[in-house]
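Asker: One structure, as structure tokens, below. Some questions next.
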Amino acid sequence: MSVQRLPWPQYFMQITYIVAQRSTCLRRKVGALAVKDRRILATGYNGAPSGIPHCLDTGCLRRQLGIPSGERHEVCIGLHAEQNVIIQAAVHGISLAGAEIYCTHQPCLICTKMLINCGVSAVYFANPYPDELAAEMAGQSGIPFQTLCVDPAAFPVIAP
């Protein structure tokens with residue numbers, strides 16, 4: 001009898017949803033992983049920097065100022081999940097060159113530029129985000145930047 005195993009890409013994508021559960025963002029919970037040779041190098045979720053009060057405690061500054069989703073990313077106390085992956089890898093002396101990045105959501109332009117400069121080999125995300133320039137820049141860099149379909153309903157514990 002053959003038991004079917006979850007393929008590696010879906011395995012890693014499902015883990016991003018577990019990581020996202022640590023998010024302190026009130027608008028969107030995002031998780032990300034850096035993976036190389038089928039080993040997780042670093043994880044990240046969106047939220048305030050260490051030692052800073054979280055939006056869960058203070059409220060969402062972007063919501064208070066009426067800033068729409070996808071605009072003016074600099075007006076937010078939180079870091080993006082992808083930024084936290086890069087920071088965690090750097091803090092622990094881990095290179096992301098050649099790593100694959102898995103994210104619950106498509107990285108924004110700023111995060112995409114950072115991932116390109118880290119030398120990642122591919123970026124996979126479960127949920128597209130309306131940022132065509134990010135996809136265009138990833139394409140220009142030669143980095144695969146694509147949606148990886150996952151059925152979160154098959155794993156109700158981690159559904160977004």
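Residue numbering restarts at 1 for every chain of the structure tokens, chains are lettered A, B, ... in their displayed order, and ligands are numbered from 1 as they appear.
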Give me, as a tab-separated table, each residue of stretch 85-136 of chain A that comes within 8 Å of stretch 23-42 of chain A, together with its shortest interatomic pair and the distance in Å at one decimal, counting only C-alpha atoms, with rows ordered by chain and rising residue number.
Answerer:
residue	atom	partner	partner_atom	distance
A:Val85	CA	A:Ala42	CA	5.6
A:Ile86	CA	A:Ala42	CA	7.8
A:Gln88	CA	A:Ala42	CA	6.2
A:Ala89	CA	A:Ala42	CA	5.7
A:Ile94	CA	A:Leu41	CA	7.3
A:Leu96	CA	A:Ala34	CA	7.2
A:Gly98	CA	A:Lys36	CA	7.0
A:Ala99	CA	A:Lys36	CA	4.7
A:Glu100	CA	A:Val35	CA	5.1
A:Ile101	CA	A:Ala34	CA	4.7
A:Tyr102	CA	A:Leu33	CA	5.2
A:Cys103	CA	A:Ala32	CA	4.3
A:Thr104	CA	A:Gly31	CA	5.5
A:His105	CA	A:Val30	CA	6.5
Asker: For those residues, write all heavy atoms to a file as a short mmCIF file (atom, residue, chain, number, x, y, z; two decimals), in the first residue's frame.
Answerer:
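Once everything was written out, this is out_29.cif:
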data_model
loop_
_atom_site.label_atom_id
_atom_site.label_comp_id
_atom_site.auth_asym_id
_atom_site.auth_seq_id
_atom_site.Cartn_x
_atom_site.Cartn_y
_atom_site.Cartn_z
N VAL A 85 12.11 37.72 7.85
CA VAL A 85 12.91 36.55 7.43
C VAL A 85 14.35 36.99 7.17
O VAL A 85 15.30 36.35 7.64
CB VAL A 85 12.32 35.88 6.16
CG1 VAL A 85 13.33 34.96 5.50
CG2 VAL A 85 11.08 35.09 6.50
N ILE A 86 14.50 38.08 6.43
CA ILE A 86 15.84 38.58 6.10
C ILE A 86 16.59 38.96 7.39
O ILE A 86 17.77 38.63 7.57
CB ILE A 86 15.75 39.77 5.13
CG1 ILE A 86 15.21 39.30 3.78
CG2 ILE A 86 17.10 40.47 4.98
CD1 ILE A 86 14.78 40.43 2.85
N GLN A 88 16.04 37.93 10.53
CA GLN A 88 16.36 36.76 11.35
C GLN A 88 17.56 36.00 10.78
O GLN A 88 18.43 35.55 11.53
CB GLN A 88 15.15 35.83 11.47
CG GLN A 88 14.07 36.36 12.38
CD GLN A 88 14.59 36.69 13.76
OE1 GLN A 88 15.22 35.87 14.42
NE2 GLN A 88 14.34 37.92 14.21
N ALA A 89 17.60 35.85 9.47
CA ALA A 89 18.75 35.18 8.86
C ALA A 89 20.03 35.97 9.14
O ALA A 89 21.05 35.38 9.53
CB ALA A 89 18.52 35.02 7.35
N ILE A 94 23.08 33.69 8.70
CA ILE A 94 22.67 32.74 7.66
C ILE A 94 22.48 33.47 6.34
O ILE A 94 21.70 34.42 6.25
CB ILE A 94 21.36 32.04 8.07
CG1 ILE A 94 21.55 31.26 9.37
CG2 ILE A 94 20.85 31.13 6.96
CD1 ILE A 94 20.26 30.79 10.01
N LEU A 96 21.00 33.98 2.68
CA LEU A 96 19.80 33.59 1.95
C LEU A 96 20.07 33.39 0.47
O LEU A 96 19.15 33.12 -0.30
CB LEU A 96 18.69 34.63 2.16
CG LEU A 96 18.16 34.77 3.58
CD1 LEU A 96 17.02 35.77 3.63
CD2 LEU A 96 17.72 33.43 4.13
N GLY A 98 20.50 31.78 -2.80
CA GLY A 98 20.05 30.48 -3.30
C GLY A 98 18.85 29.89 -2.58
O GLY A 98 18.38 28.82 -2.94
N ALA A 99 18.33 30.59 -1.58
CA ALA A 99 17.18 30.08 -0.83
C ALA A 99 15.88 30.35 -1.58
O ALA A 99 15.78 31.30 -2.36
CB ALA A 99 17.11 30.74 0.55
N GLU A 100 14.91 29.50 -1.34
CA GLU A 100 13.55 29.73 -1.84
C GLU A 100 12.77 30.41 -0.72
O GLU A 100 12.95 30.09 0.45
CB GLU A 100 12.87 28.41 -2.18
CG GLU A 100 13.54 27.66 -3.30
CD GLU A 100 12.93 26.28 -3.52
OE1 GLU A 100 12.47 25.66 -2.53
OE2 GLU A 100 12.91 25.84 -4.66
N ILE A 101 11.91 31.34 -1.10
CA ILE A 101 11.07 32.05 -0.13
C ILE A 101 9.63 31.61 -0.36
O ILE A 101 9.14 31.62 -1.48
CB ILE A 101 11.19 33.58 -0.30
CG1 ILE A 101 12.66 34.04 -0.18
CG2 ILE A 101 10.29 34.31 0.71
CD1 ILE A 101 13.32 33.76 1.16
N TYR A 102 8.97 31.23 0.72
CA TYR A 102 7.56 30.86 0.70
C TYR A 102 6.82 31.88 1.55
O TYR A 102 7.25 32.18 2.67
CB TYR A 102 7.34 29.46 1.27
CG TYR A 102 7.91 28.37 0.40
CD1 TYR A 102 9.25 28.01 0.49
CD2 TYR A 102 7.10 27.71 -0.52
CE1 TYR A 102 9.78 27.02 -0.32
CE2 TYR A 102 7.62 26.71 -1.33
CZ TYR A 102 8.96 26.37 -1.23
OH TYR A 102 9.47 25.39 -2.04
N CYS A 103 5.70 32.44 1.03
CA CYS A 103 4.94 33.47 1.73
C CYS A 103 3.45 33.19 1.61
O CYS A 103 2.99 32.70 0.58
CB CYS A 103 5.19 34.85 1.12
SG CYS A 103 6.91 35.32 0.95
N THR A 104 2.72 33.56 2.64
CA THR A 104 1.27 33.45 2.55
C THR A 104 0.70 34.41 1.52
O THR A 104 -0.31 34.14 0.89
CB THR A 104 0.59 33.72 3.91
OG1 THR A 104 1.00 35.00 4.37
CG2 THR A 104 0.92 32.65 4.93
N HIS A 105 1.39 35.56 1.32
CA HIS A 105 0.93 36.60 0.39
C HIS A 105 2.10 37.06 -0.48
O HIS A 105 3.25 37.02 -0.05
CB HIS A 105 0.37 37.80 1.16
CG HIS A 105 -0.85 37.47 1.94
ND1 HIS A 105 -0.81 36.77 3.13
CD2 HIS A 105 -2.15 37.73 1.69
CE1 HIS A 105 -2.04 36.61 3.57
NE2 HIS A 105 -2.88 37.18 2.73
#
Asker: For stretch 58-63 of chain A, list every protein, DNA or RNA residue within 10 Å, evaluated using only C-alpha atoms, and leave out those in the same chain fewer than 4 positions away; present the list as a count of residues only.
Answerer: 16
Asker: For the strand (DSSP E or B) assignment from backbone DSSP, which residues of stretch 90-119 of chain A qualify? Please present them as a ChimeraX atom specification.
Answerer: /A:100-105
Asker: Could those selected residues go to a file with N, CA and C atoms, as a short mmCIF file (atom, residue, chain, number, x, y, z; two decimals), in the first residue's frame?
Answerer:
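Below is the file result03.cif, written as the result:
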data_model
loop_
_atom_site.label_atom_id
_atom_site.label_comp_id
_atom_site.auth_asym_id
_atom_site.auth_seq_id
_atom_site.Cartn_x
_atom_site.Cartn_y
_atom_site.Cartn_z
N GLU A 100 14.91 29.50 -1.34
CA GLU A 100 13.55 29.73 -1.84
C GLU A 100 12.77 30.41 -0.72
N ILE A 101 11.91 31.34 -1.10
CA ILE A 101 11.07 32.05 -0.13
C ILE A 101 9.63 31.61 -0.36
N TYR A 102 8.97 31.23 0.72
CA TYR A 102 7.56 30.86 0.70
C TYR A 102 6.82 31.88 1.55
N CYS A 103 5.70 32.44 1.03
CA CYS A 103 4.94 33.47 1.73
C CYS A 103 3.45 33.19 1.61
N THR A 104 2.72 33.56 2.64
CA THR A 104 1.27 33.45 2.55
C THR A 104 0.70 34.41 1.52
N HIS A 105 1.39 35.56 1.32
CA HIS A 105 0.93 36.60 0.39
C HIS A 105 2.10 37.06 -0.48
#
Asker: Record the distance separating atom CA of A:Val91 and atom CA of A:Gly119, expressed in Å with one decimal.
Answerer: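 Taking atom CA of A:Val91 and atom CA of A:Gly119, their separation equals 17.1 Å.
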Asker: Run DSSP on the backbone and give me the residues of chain A it puts in helix (DSSP H, G or I), as number ranges by chain.
Answerer: A: 8-20, 55-58, 61-65, 81-91, 109-118, 132-141, 152-154, 156-158
